[in-house]
file run_0.cif (mmCIF, N, CA, C and O atoms)
data_coords
#
loop_
_atom_site.label_atom_id
_atom_site.label_comp_id
_atom_site.auth_asym_id
_atom_site.auth_seq_id
_atom_site.Cartn_x
_atom_site.Cartn_y
_atom_site.Cartn_z
N MET A 101 75.10 110.34 127.89
CA MET A 101 76.01 110.65 128.98
C MET A 101 75.61 109.81 130.19
O MET A 101 74.45 109.82 130.58
N ASP A 102 76.56 109.12 130.76
CA ASP A 102 76.33 108.28 131.93
C ASP A 102 76.33 109.16 133.18
O ASP A 102 77.29 109.88 133.44
N ILE A 103 75.24 109.10 133.93
CA ILE A 103 75.10 109.95 135.12
C ILE A 103 76.17 109.62 136.17
O ILE A 103 76.66 110.51 136.86
N ARG A 104 76.55 108.36 136.26
CA ARG A 104 77.59 107.97 137.22
C ARG A 104 78.94 108.58 136.81
O ARG A 104 79.67 109.09 137.66
N ALA A 105 79.25 108.57 135.53
CA ALA A 105 80.48 109.17 135.05
C ALA A 105 80.48 110.67 135.33
O ALA A 105 81.51 111.24 135.71
N LEU A 106 79.34 111.30 135.17
CA LEU A 106 79.22 112.73 135.46
C LEU A 106 79.46 112.98 136.95
O LEU A 106 80.15 113.93 137.33
N ARG A 107 78.89 112.13 137.78
CA ARG A 107 79.09 112.26 139.23
C ARG A 107 80.57 112.10 139.60
O ARG A 107 81.10 112.83 140.42
N TYR A 108 81.25 111.14 138.96
CA TYR A 108 82.67 110.93 139.20
C TYR A 108 83.47 112.15 138.75
O TYR A 108 84.40 112.57 139.43
N PHE A 109 83.11 112.72 137.61
CA PHE A 109 83.78 113.90 137.10
C PHE A 109 83.67 115.06 138.10
O PHE A 109 84.66 115.72 138.42
N VAL A 110 82.48 115.30 138.60
CA VAL A 110 82.26 116.37 139.58
C VAL A 110 83.10 116.11 140.83
O VAL A 110 83.73 117.03 141.36
N ALA A 111 83.15 114.88 141.27
CA ALA A 111 83.94 114.54 142.46
C ALA A 111 85.43 114.80 142.23
O ALA A 111 86.11 115.33 143.11
N VAL A 112 85.94 114.45 141.07
CA VAL A 112 87.35 114.69 140.75
C VAL A 112 87.66 116.18 140.82
O VAL A 112 88.64 116.59 141.42
N VAL A 113 86.80 116.99 140.22
CA VAL A 113 87.03 118.43 140.22
C VAL A 113 86.93 118.99 141.64
O VAL A 113 87.78 119.77 142.07
N GLU A 114 85.91 118.59 142.36
CA GLU A 114 85.72 119.11 143.71
C GLU A 114 86.84 118.68 144.65
O GLU A 114 87.26 119.45 145.51
N GLN A 115 87.33 117.46 144.51
CA GLN A 115 88.39 116.95 145.37
C GLN A 115 89.78 117.36 144.87
O GLN A 115 90.76 117.19 145.57
N GLN A 116 89.85 117.86 143.63
CA GLN A 116 91.10 118.26 142.99
C GLN A 116 92.11 117.11 142.93
O GLN A 116 93.32 117.33 142.96
N SER A 117 91.59 115.89 142.85
CA SER A 117 92.45 114.71 142.83
C SER A 117 91.63 113.49 142.43
O SER A 117 90.53 113.29 142.94
N PHE A 118 92.21 112.68 141.54
CA PHE A 118 91.56 111.42 141.18
C PHE A 118 91.54 110.48 142.38
O PHE A 118 90.55 109.80 142.63
N SER A 119 92.65 110.43 143.12
CA SER A 119 92.75 109.52 144.27
C SER A 119 91.78 109.90 145.37
O SER A 119 91.09 109.04 145.93
N ARG A 120 91.71 111.18 145.70
CA ARG A 120 90.78 111.62 146.75
C ARG A 120 89.33 111.43 146.32
O ARG A 120 88.47 111.09 147.14
N ALA A 121 89.07 111.64 145.04
CA ALA A 121 87.71 111.41 144.53
C ALA A 121 87.35 109.93 144.67
O ALA A 121 86.23 109.59 145.06
N ALA A 122 88.31 109.06 144.36
CA ALA A 122 88.07 107.62 144.48
C ALA A 122 87.76 107.25 145.93
O ALA A 122 86.82 106.48 146.20
N GLU A 123 88.51 107.80 146.87
CA GLU A 123 88.24 107.54 148.29
C GLU A 123 86.85 108.04 148.66
O GLU A 123 86.10 107.35 149.35
N HIS A 124 86.52 109.23 148.22
CA HIS A 124 85.22 109.84 148.51
C HIS A 124 84.07 109.00 147.95
O HIS A 124 83.02 108.88 148.58
N LEU A 125 84.29 108.43 146.76
CA LEU A 125 83.25 107.64 146.09
C LEU A 125 83.28 106.16 146.47
O LEU A 125 82.42 105.40 146.02
N HIS A 126 84.30 105.76 147.24
CA HIS A 126 84.45 104.36 147.67
C HIS A 126 84.66 103.42 146.49
O HIS A 126 84.05 102.34 146.41
N VAL A 127 85.50 103.86 145.56
CA VAL A 127 85.90 103.04 144.41
C VAL A 127 87.41 103.18 144.25
O VAL A 127 88.05 103.96 144.94
N THR A 128 87.97 102.44 143.31
CA THR A 128 89.41 102.54 143.08
C THR A 128 89.73 103.71 142.15
O THR A 128 88.87 104.13 141.35
N GLN A 129 90.96 104.18 142.22
CA GLN A 129 91.38 105.29 141.37
C GLN A 129 91.32 104.92 139.88
O GLN A 129 90.87 105.73 139.07
N PRO A 130 91.74 103.70 139.49
CA PRO A 130 91.61 103.35 138.07
C PRO A 130 90.15 103.38 137.58
O PRO A 130 89.90 103.72 136.42
N THR A 131 89.23 103.05 138.44
CA THR A 131 87.81 103.11 138.07
C THR A 131 87.40 104.54 137.75
O THR A 131 86.72 104.80 136.75
N VAL A 132 87.83 105.47 138.59
CA VAL A 132 87.51 106.88 138.37
C VAL A 132 88.13 107.35 137.05
O VAL A 132 87.46 107.99 136.24
N SER A 133 89.40 107.02 136.84
CA SER A 133 90.08 107.43 135.61
C SER A 133 89.37 106.89 134.37
O SER A 133 89.17 107.62 133.39
N LYS A 134 88.97 105.62 134.44
CA LYS A 134 88.29 105.00 133.30
C LYS A 134 86.94 105.66 133.03
O LYS A 134 86.58 105.90 131.88
N MET A 135 86.21 106.00 134.08
CA MET A 135 84.91 106.64 133.91
C MET A 135 85.06 108.03 133.29
O MET A 135 84.25 108.41 132.43
N ILE A 136 86.09 108.76 133.70
CA ILE A 136 86.32 110.09 133.12
C ILE A 136 86.69 109.95 131.64
O ILE A 136 86.19 110.70 130.80
N GLN A 137 87.52 108.98 131.32
CA GLN A 137 87.88 108.74 129.92
C GLN A 137 86.65 108.38 129.10
O GLN A 137 86.48 108.87 127.98
N GLN A 138 85.79 107.53 129.65
CA GLN A 138 84.58 107.15 128.93
C GLN A 138 83.66 108.35 128.73
O GLN A 138 83.03 108.49 127.67
N LEU A 139 83.57 109.20 129.74
CA LEU A 139 82.75 110.41 129.61
C LEU A 139 83.29 111.30 128.51
O LEU A 139 82.53 111.79 127.66
N GLU A 140 84.60 111.50 128.50
CA GLU A 140 85.22 112.32 127.45
C GLU A 140 84.99 111.72 126.07
O GLU A 140 84.69 112.44 125.12
N GLN A 141 85.09 110.41 125.97
CA GLN A 141 84.87 109.75 124.68
C GLN A 141 83.42 109.86 124.24
O GLN A 141 83.14 110.12 123.06
N SER A 142 82.49 109.68 125.16
CA SER A 142 81.08 109.74 124.78
C SER A 142 80.68 111.16 124.35
O SER A 142 79.83 111.32 123.47
N LEU A 143 81.30 112.16 124.95
CA LEU A 143 81.00 113.55 124.59
C LEU A 143 81.87 114.05 123.44
O LEU A 143 81.62 115.12 122.89
N GLU A 144 82.89 113.27 123.13
CA GLU A 144 83.88 113.65 122.11
C GLU A 144 84.49 115.00 122.43
O GLU A 144 84.67 115.87 121.58
N LEU A 145 84.83 115.18 123.74
CA LEU A 145 85.42 116.42 124.24
C LEU A 145 86.52 116.09 125.24
O LEU A 145 86.45 115.06 125.92
N THR A 146 87.48 116.98 125.36
CA THR A 146 88.47 116.88 126.43
C THR A 146 87.97 117.75 127.56
O THR A 146 87.75 118.95 127.38
N LEU A 147 87.75 117.14 128.72
CA LEU A 147 87.22 117.87 129.86
C LEU A 147 88.32 118.35 130.80
O LEU A 147 88.17 119.37 131.46
N LEU A 148 89.40 117.57 130.86
CA LEU A 148 90.51 117.88 131.75
C LEU A 148 91.82 117.88 130.97
O LEU A 148 92.08 116.94 130.22
N GLU A 149 92.62 118.92 131.15
CA GLU A 149 93.97 118.95 130.60
C GLU A 149 94.88 118.39 131.68
O GLU A 149 95.00 118.97 132.75
N ARG A 150 95.47 117.25 131.39
CA ARG A 150 96.29 116.58 132.38
C ARG A 150 97.76 116.94 132.21
O ARG A 150 98.27 117.00 131.10
N ALA A 151 98.43 117.16 133.34
CA ALA A 151 99.87 117.42 133.36
C ALA A 151 100.44 116.66 134.55
O ALA A 151 100.43 117.16 135.68
N GLY A 152 100.83 115.41 134.30
CA GLY A 152 101.29 114.57 135.41
C GLY A 152 100.12 114.24 136.31
O GLY A 152 99.09 113.76 135.85
N LYS A 153 100.28 114.53 137.59
CA LYS A 153 99.20 114.25 138.54
C LYS A 153 98.23 115.43 138.67
O LYS A 153 97.23 115.33 139.35
N ARG A 154 98.55 116.52 138.04
CA ARG A 154 97.70 117.71 138.11
C ARG A 154 96.82 117.81 136.86
O ARG A 154 97.13 117.23 135.84
N PHE A 155 95.75 118.56 136.98
CA PHE A 155 94.87 118.78 135.84
C PHE A 155 94.21 120.14 135.96
O PHE A 155 94.13 120.71 137.05
N THR A 156 93.77 120.65 134.85
CA THR A 156 92.97 121.87 134.81
C THR A 156 91.74 121.59 133.94
O THR A 156 91.78 120.75 133.05
N LEU A 157 90.69 122.29 134.23
CA LEU A 157 89.46 122.15 133.45
C LEU A 157 89.59 122.88 132.12
O LEU A 157 90.10 123.99 132.06
N THR A 158 89.10 122.26 131.08
CA THR A 158 88.99 122.94 129.79
C THR A 158 87.69 123.76 129.83
O THR A 158 86.89 123.64 130.77
N ASP A 159 87.47 124.56 128.81
CA ASP A 159 86.22 125.31 128.72
C ASP A 159 85.03 124.34 128.69
O ASP A 159 84.02 124.56 129.35
N ALA A 160 85.17 123.27 127.93
CA ALA A 160 84.11 122.25 127.87
C ALA A 160 83.92 121.61 129.24
O ALA A 160 82.79 121.34 129.65
N GLY A 161 85.01 121.38 129.94
CA GLY A 161 84.94 120.80 131.28
C GLY A 161 84.18 121.69 132.24
O GLY A 161 83.42 121.21 133.09
N GLN A 162 84.34 123.00 132.11
CA GLN A 162 83.62 123.93 132.97
C GLN A 162 82.12 123.87 132.71
O GLN A 162 81.32 123.91 133.64
N VAL A 163 81.75 123.74 131.45
CA VAL A 163 80.32 123.64 131.09
C VAL A 163 79.74 122.35 131.65
O VAL A 163 78.66 122.35 132.25
N VAL A 164 80.45 121.24 131.47
CA VAL A 164 79.97 119.95 131.97
C VAL A 164 79.90 119.97 133.50
O VAL A 164 78.96 119.43 134.08
N LEU A 165 80.86 120.61 134.14
CA LEU A 165 80.83 120.72 135.61
C LEU A 165 79.59 121.48 136.07
O LEU A 165 78.92 121.04 137.00
N GLN A 166 79.26 122.57 135.41
CA GLN A 166 78.05 123.33 135.76
C GLN A 166 76.81 122.47 135.59
O GLN A 166 75.91 122.49 136.43
N ARG A 167 76.77 121.70 134.52
CA ARG A 167 75.64 120.78 134.28
C ARG A 167 75.56 119.73 135.38
O ARG A 167 74.48 119.38 135.84
N GLY A 168 76.73 119.21 135.76
CA GLY A 168 76.78 118.17 136.77
C GLY A 168 76.38 118.65 138.15
O GLY A 168 75.88 117.88 138.96
N ARG A 169 76.59 119.91 138.42
CA ARG A 169 76.25 120.48 139.72
C ARG A 169 74.81 121.01 139.77
O ARG A 169 74.30 121.30 140.85
N ALA A 170 74.18 121.12 138.63
CA ALA A 170 72.81 121.66 138.58
C ALA A 170 71.85 120.74 139.33
O ALA A 170 71.95 119.53 139.23
N PRO A 171 70.92 121.34 140.06
CA PRO A 171 69.94 120.51 140.82
C PRO A 171 68.97 119.78 139.93
O PRO A 171 68.74 120.05 138.83
#

call {"tool": "encode", "arguments": {"input": "run_0.cif", "output": "structure tokens"}}
result
Amino acid sequence: MDIRALRYFVAVVEQQSFSRAAEHLHVTQPTVSKMIQQLEQSLELTLLERAGKRFTLTDAGQVVLQRGRAP
């Protein structure tokens, strides 16, 4: 698991937006999207259920989020 991808994932969830997460992280929105996709592929899990511009966390996404927020 790439720590940067995990950090991007946490930012997306906390900001509730890929675009706002990208601004917060000082990267482009496509970069954030690609990192989340790579994280999902590396874990072989769906972390976010996407519906247009909105998303919800899957059960797996909630577990990964807790891991990402752990000190």

call {"tool": "residues_around", "arguments": {"input": "run_0.cif", "residues": "Lys153 (chain A)", "least_positions_apart": "6", "cutoff": "8 Å", "atoms": "all atoms listed in the file", "output": "JSON, numbers by chain"}}
result
{"A": [116, 117, 118, 119]}

call {"tool": "residues_around", "arguments": {"input": "run_0.cif", "residues": "Thr131 (chain A)", "least_positions_apart": "5", "cutoff": "12 Å", "atoms": "only C-alpha atoms", "output": "short mmCIF file (atom, residue, chain, number, x, y, z; two decimals) with N, CA, C and O atoms, in the frame of the given file"}}
result
data_model
loop_
_atom_site.label_atom_id
_atom_site.label_comp_id
_atom_site.auth_asym_id
_atom_site.auth_seq_id
_atom_site.Cartn_x
_atom_site.Cartn_y
_atom_site.Cartn_z
N ARG A 104 76.55 108.36 136.26
CA ARG A 104 77.59 107.97 137.22
C ARG A 104 78.94 108.58 136.81
O ARG A 104 79.67 109.09 137.66
N ALA A 105 79.25 108.57 135.53
CA ALA A 105 80.48 109.17 135.05
C ALA A 105 80.48 110.67 135.33
O ALA A 105 81.51 111.24 135.71
N TYR A 108 81.25 111.14 138.96
CA TYR A 108 82.67 110.93 139.20
C TYR A 108 83.47 112.15 138.75
O TYR A 108 84.40 112.57 139.43
N PHE A 109 83.11 112.72 137.61
CA PHE A 109 83.78 113.90 137.10
C PHE A 109 83.67 115.06 138.10
O PHE A 109 84.66 115.72 138.42
N VAL A 112 85.94 114.45 141.07
CA VAL A 112 87.35 114.69 140.75
C VAL A 112 87.66 116.18 140.82
O VAL A 112 88.64 116.59 141.42
N PHE A 118 92.21 112.68 141.54
CA PHE A 118 91.56 111.42 141.18
C PHE A 118 91.54 110.48 142.38
O PHE A 118 90.55 109.80 142.63
N SER A 119 92.65 110.43 143.12
CA SER A 119 92.75 109.52 144.27
C SER A 119 91.78 109.90 145.37
O SER A 119 91.09 109.04 145.93
N ALA A 121 89.07 111.64 145.04
CA ALA A 121 87.71 111.41 144.53
C ALA A 121 87.35 109.93 144.67
O ALA A 121 86.23 109.59 145.06
N ALA A 122 88.31 109.06 144.36
CA ALA A 122 88.07 107.62 144.48
C ALA A 122 87.76 107.25 145.93
O ALA A 122 86.82 106.48 146.20
N GLU A 123 88.51 107.80 146.87
CA GLU A 123 88.24 107.54 148.29
C GLU A 123 86.85 108.04 148.66
O GLU A 123 86.10 107.35 149.35
N LEU A 125 84.29 108.43 146.76
CA LEU A 125 83.25 107.64 146.09
C LEU A 125 83.28 106.16 146.47
O LEU A 125 82.42 105.40 146.02
N HIS A 126 84.30 105.76 147.24
CA HIS A 126 84.45 104.36 147.67
C HIS A 126 84.66 103.42 146.49
O HIS A 126 84.05 102.34 146.41
N ILE A 136 86.09 108.76 133.70
CA ILE A 136 86.32 110.09 133.12
C ILE A 136 86.69 109.95 131.64
O ILE A 136 86.19 110.70 130.80
N GLN A 137 87.52 108.98 131.32
CA GLN A 137 87.88 108.74 129.92
C GLN A 137 86.65 108.38 129.10
O GLN A 137 86.48 108.87 127.98
N GLN A 138 85.79 107.53 129.65
CA GLN A 138 84.58 107.15 128.93
C GLN A 138 83.66 108.35 128.73
O GLN A 138 83.03 108.49 127.67
#

call {"tool": "select_by_dssp", "arguments": {"input": "run_0.cif", "residues": "region 102-170 of chain A", "states": "helix (DSSP H, G or I)", "output": "PyMOL selection string"}}
result
chain A and resi 103-115+118-125+129-143+159-169

call {"tool": "select_by_dssp", "arguments": {"input": "run_0.cif", "residues": "chain A", "states": "strand (DSSP E)", "output": "JSON, numbers by chain"}}
result
{"A": [148, 149, 150, 151, 154, 155, 156, 157]}

call {"tool": "resolve_selection", "arguments": {"input": "run_0.cif", "expression": "the PyMOL selection byres (((chain A and resi 144-146 and name CA) around 12) and name CA)", "output": "short mmCIF file (atom, residue, chain, number, x, y, z; two decimals) with N, CA, C and O atoms, keeping the file's coordinate frame"}}
result
data_model
loop_
_atom_site.label_atom_id
_atom_site.label_comp_id
_atom_site.auth_asym_id
_atom_site.auth_seq_id
_atom_site.Cartn_x
_atom_site.Cartn_y
_atom_site.Cartn_z
N MET A 101 75.10 110.34 127.89
CA MET A 101 76.01 110.65 128.98
C MET A 101 75.61 109.81 130.19
O MET A 101 74.45 109.82 130.58
N ILE A 136 86.09 108.76 133.70
CA ILE A 136 86.32 110.09 133.12
C ILE A 136 86.69 109.95 131.64
O ILE A 136 86.19 110.70 130.80
N GLN A 137 87.52 108.98 131.32
CA GLN A 137 87.88 108.74 129.92
C GLN A 137 86.65 108.38 129.10
O GLN A 137 86.48 108.87 127.98
N GLN A 138 85.79 107.53 129.65
CA GLN A 138 84.58 107.15 128.93
C GLN A 138 83.66 108.35 128.73
O GLN A 138 83.03 108.49 127.67
N LEU A 139 83.57 109.20 129.74
CA LEU A 139 82.75 110.41 129.61
C LEU A 139 83.29 111.30 128.51
O LEU A 139 82.53 111.79 127.66
N GLU A 140 84.60 111.50 128.50
CA GLU A 140 85.22 112.32 127.45
C GLU A 140 84.99 111.72 126.07
O GLU A 140 84.69 112.44 125.12
N GLN A 141 85.09 110.41 125.97
CA GLN A 141 84.87 109.75 124.68
C GLN A 141 83.42 109.86 124.24
O GLN A 141 83.14 110.12 123.06
N SER A 142 82.49 109.68 125.16
CA SER A 142 81.08 109.74 124.78
C SER A 142 80.68 111.16 124.35
O SER A 142 79.83 111.32 123.47
N LEU A 143 81.30 112.16 124.95
CA LEU A 143 81.00 113.55 124.59
C LEU A 143 81.87 114.05 123.44
O LEU A 143 81.62 115.12 122.89
N LEU A 147 87.75 117.14 128.72
CA LEU A 147 87.22 117.87 129.86
C LEU A 147 88.32 118.35 130.80
O LEU A 147 88.17 119.37 131.46
N LEU A 148 89.40 117.57 130.86
CA LEU A 148 90.51 117.88 131.75
C LEU A 148 91.82 117.88 130.97
O LEU A 148 92.08 116.94 130.22
N GLU A 149 92.62 118.92 131.15
CA GLU A 149 93.97 118.95 130.60
C GLU A 149 94.88 118.39 131.68
O GLU A 149 95.00 118.97 132.75
N ARG A 150 95.47 117.25 131.39
CA ARG A 150 96.29 116.58 132.38
C ARG A 150 97.76 116.94 132.21
O ARG A 150 98.27 117.00 131.10
N PHE A 155 95.75 118.56 136.98
CA PHE A 155 94.87 118.78 135.84
C PHE A 155 94.21 120.14 135.96
O PHE A 155 94.13 120.71 137.05
N THR A 156 93.77 120.65 134.85
CA THR A 156 92.97 121.87 134.81
C THR A 156 91.74 121.59 133.94
O THR A 156 91.78 120.75 133.05
N LEU A 157 90.69 122.29 134.23
CA LEU A 157 89.46 122.15 133.45
C LEU A 157 89.59 122.88 132.12
O LEU A 157 90.10 123.99 132.06
N THR A 158 89.10 122.26 131.08
CA THR A 158 88.99 122.94 129.79
C THR A 158 87.69 123.76 129.83
O THR A 158 86.89 123.64 130.77
N ASP A 159 87.47 124.56 128.81
CA ASP A 159 86.22 125.31 128.72
C ASP A 159 85.03 124.34 128.69
O ASP A 159 84.02 124.56 129.35
N ALA A 160 85.17 123.27 127.93
CA ALA A 160 84.11 122.25 127.87
C ALA A 160 83.92 121.61 129.24
O ALA A 160 82.79 121.34 129.65
N GLY A 161 85.01 121.38 129.94
CA GLY A 161 84.94 120.80 131.28
C GLY A 161 84.18 121.69 132.24
O GLY A 161 83.42 121.21 133.09
N GLN A 162 84.34 123.00 132.11
CA GLN A 162 83.62 123.93 132.97
C GLN A 162 82.12 123.87 132.71
O GLN A 162 81.32 123.91 133.64
N VAL A 163 81.75 123.74 131.45
CA VAL A 163 80.32 123.64 131.09
C VAL A 163 79.74 122.35 131.65
O VAL A 163 78.66 122.35 132.25
N VAL A 164 80.45 121.24 131.47
CA VAL A 164 79.97 119.95 131.97
C VAL A 164 79.90 119.97 133.50
O VAL A 164 78.96 119.43 134.08
#

call {"tool": "atom_distance", "arguments": {"input": "run_0.cif", "atom1": "CA of Pro171 (chain A)", "atom2": "atom N of Arg154 (chain A)"}}
result
29.0 Å

call {"tool": "atom_distance", "arguments": {"input": "run_0.cif", "atom1": "atom O of Gly152 (chain A)", "atom2": "atom O of Val113 (chain A)"}}
result
14.2 Å

call {"tool": "resolve_selection", "arguments": {"input": "run_0.cif", "expression": "the PyMOL selection byres (((chain A and resi 168 and name CA) around 7) and name CA)", "output": "list in words"}}
result
Leu106, Arg107, Val110, Val164, Leu165, Gln166, Arg167, Arg169 and Ala170 of chain A

call {"tool": "axis_aligned_box", "arguments": {"input": "run_0.cif", "around": "region 129-140 of chain A", "padding_each_side": "8 Å", "output": "lines of an AutoDock Vina configuration file"}}
result
center_x = 87.1
center_y = 107.7
center_z = 133.7
size_x = 25.2
size_y = 25.4
size_z = 33.1

call {"tool": "atom_distance", "arguments": {"input": "run_0.cif", "atom1": "CA of Val127 (chain A)", "atom2": "atom N of Ala151 (chain A)"}}
result
21.9 Å
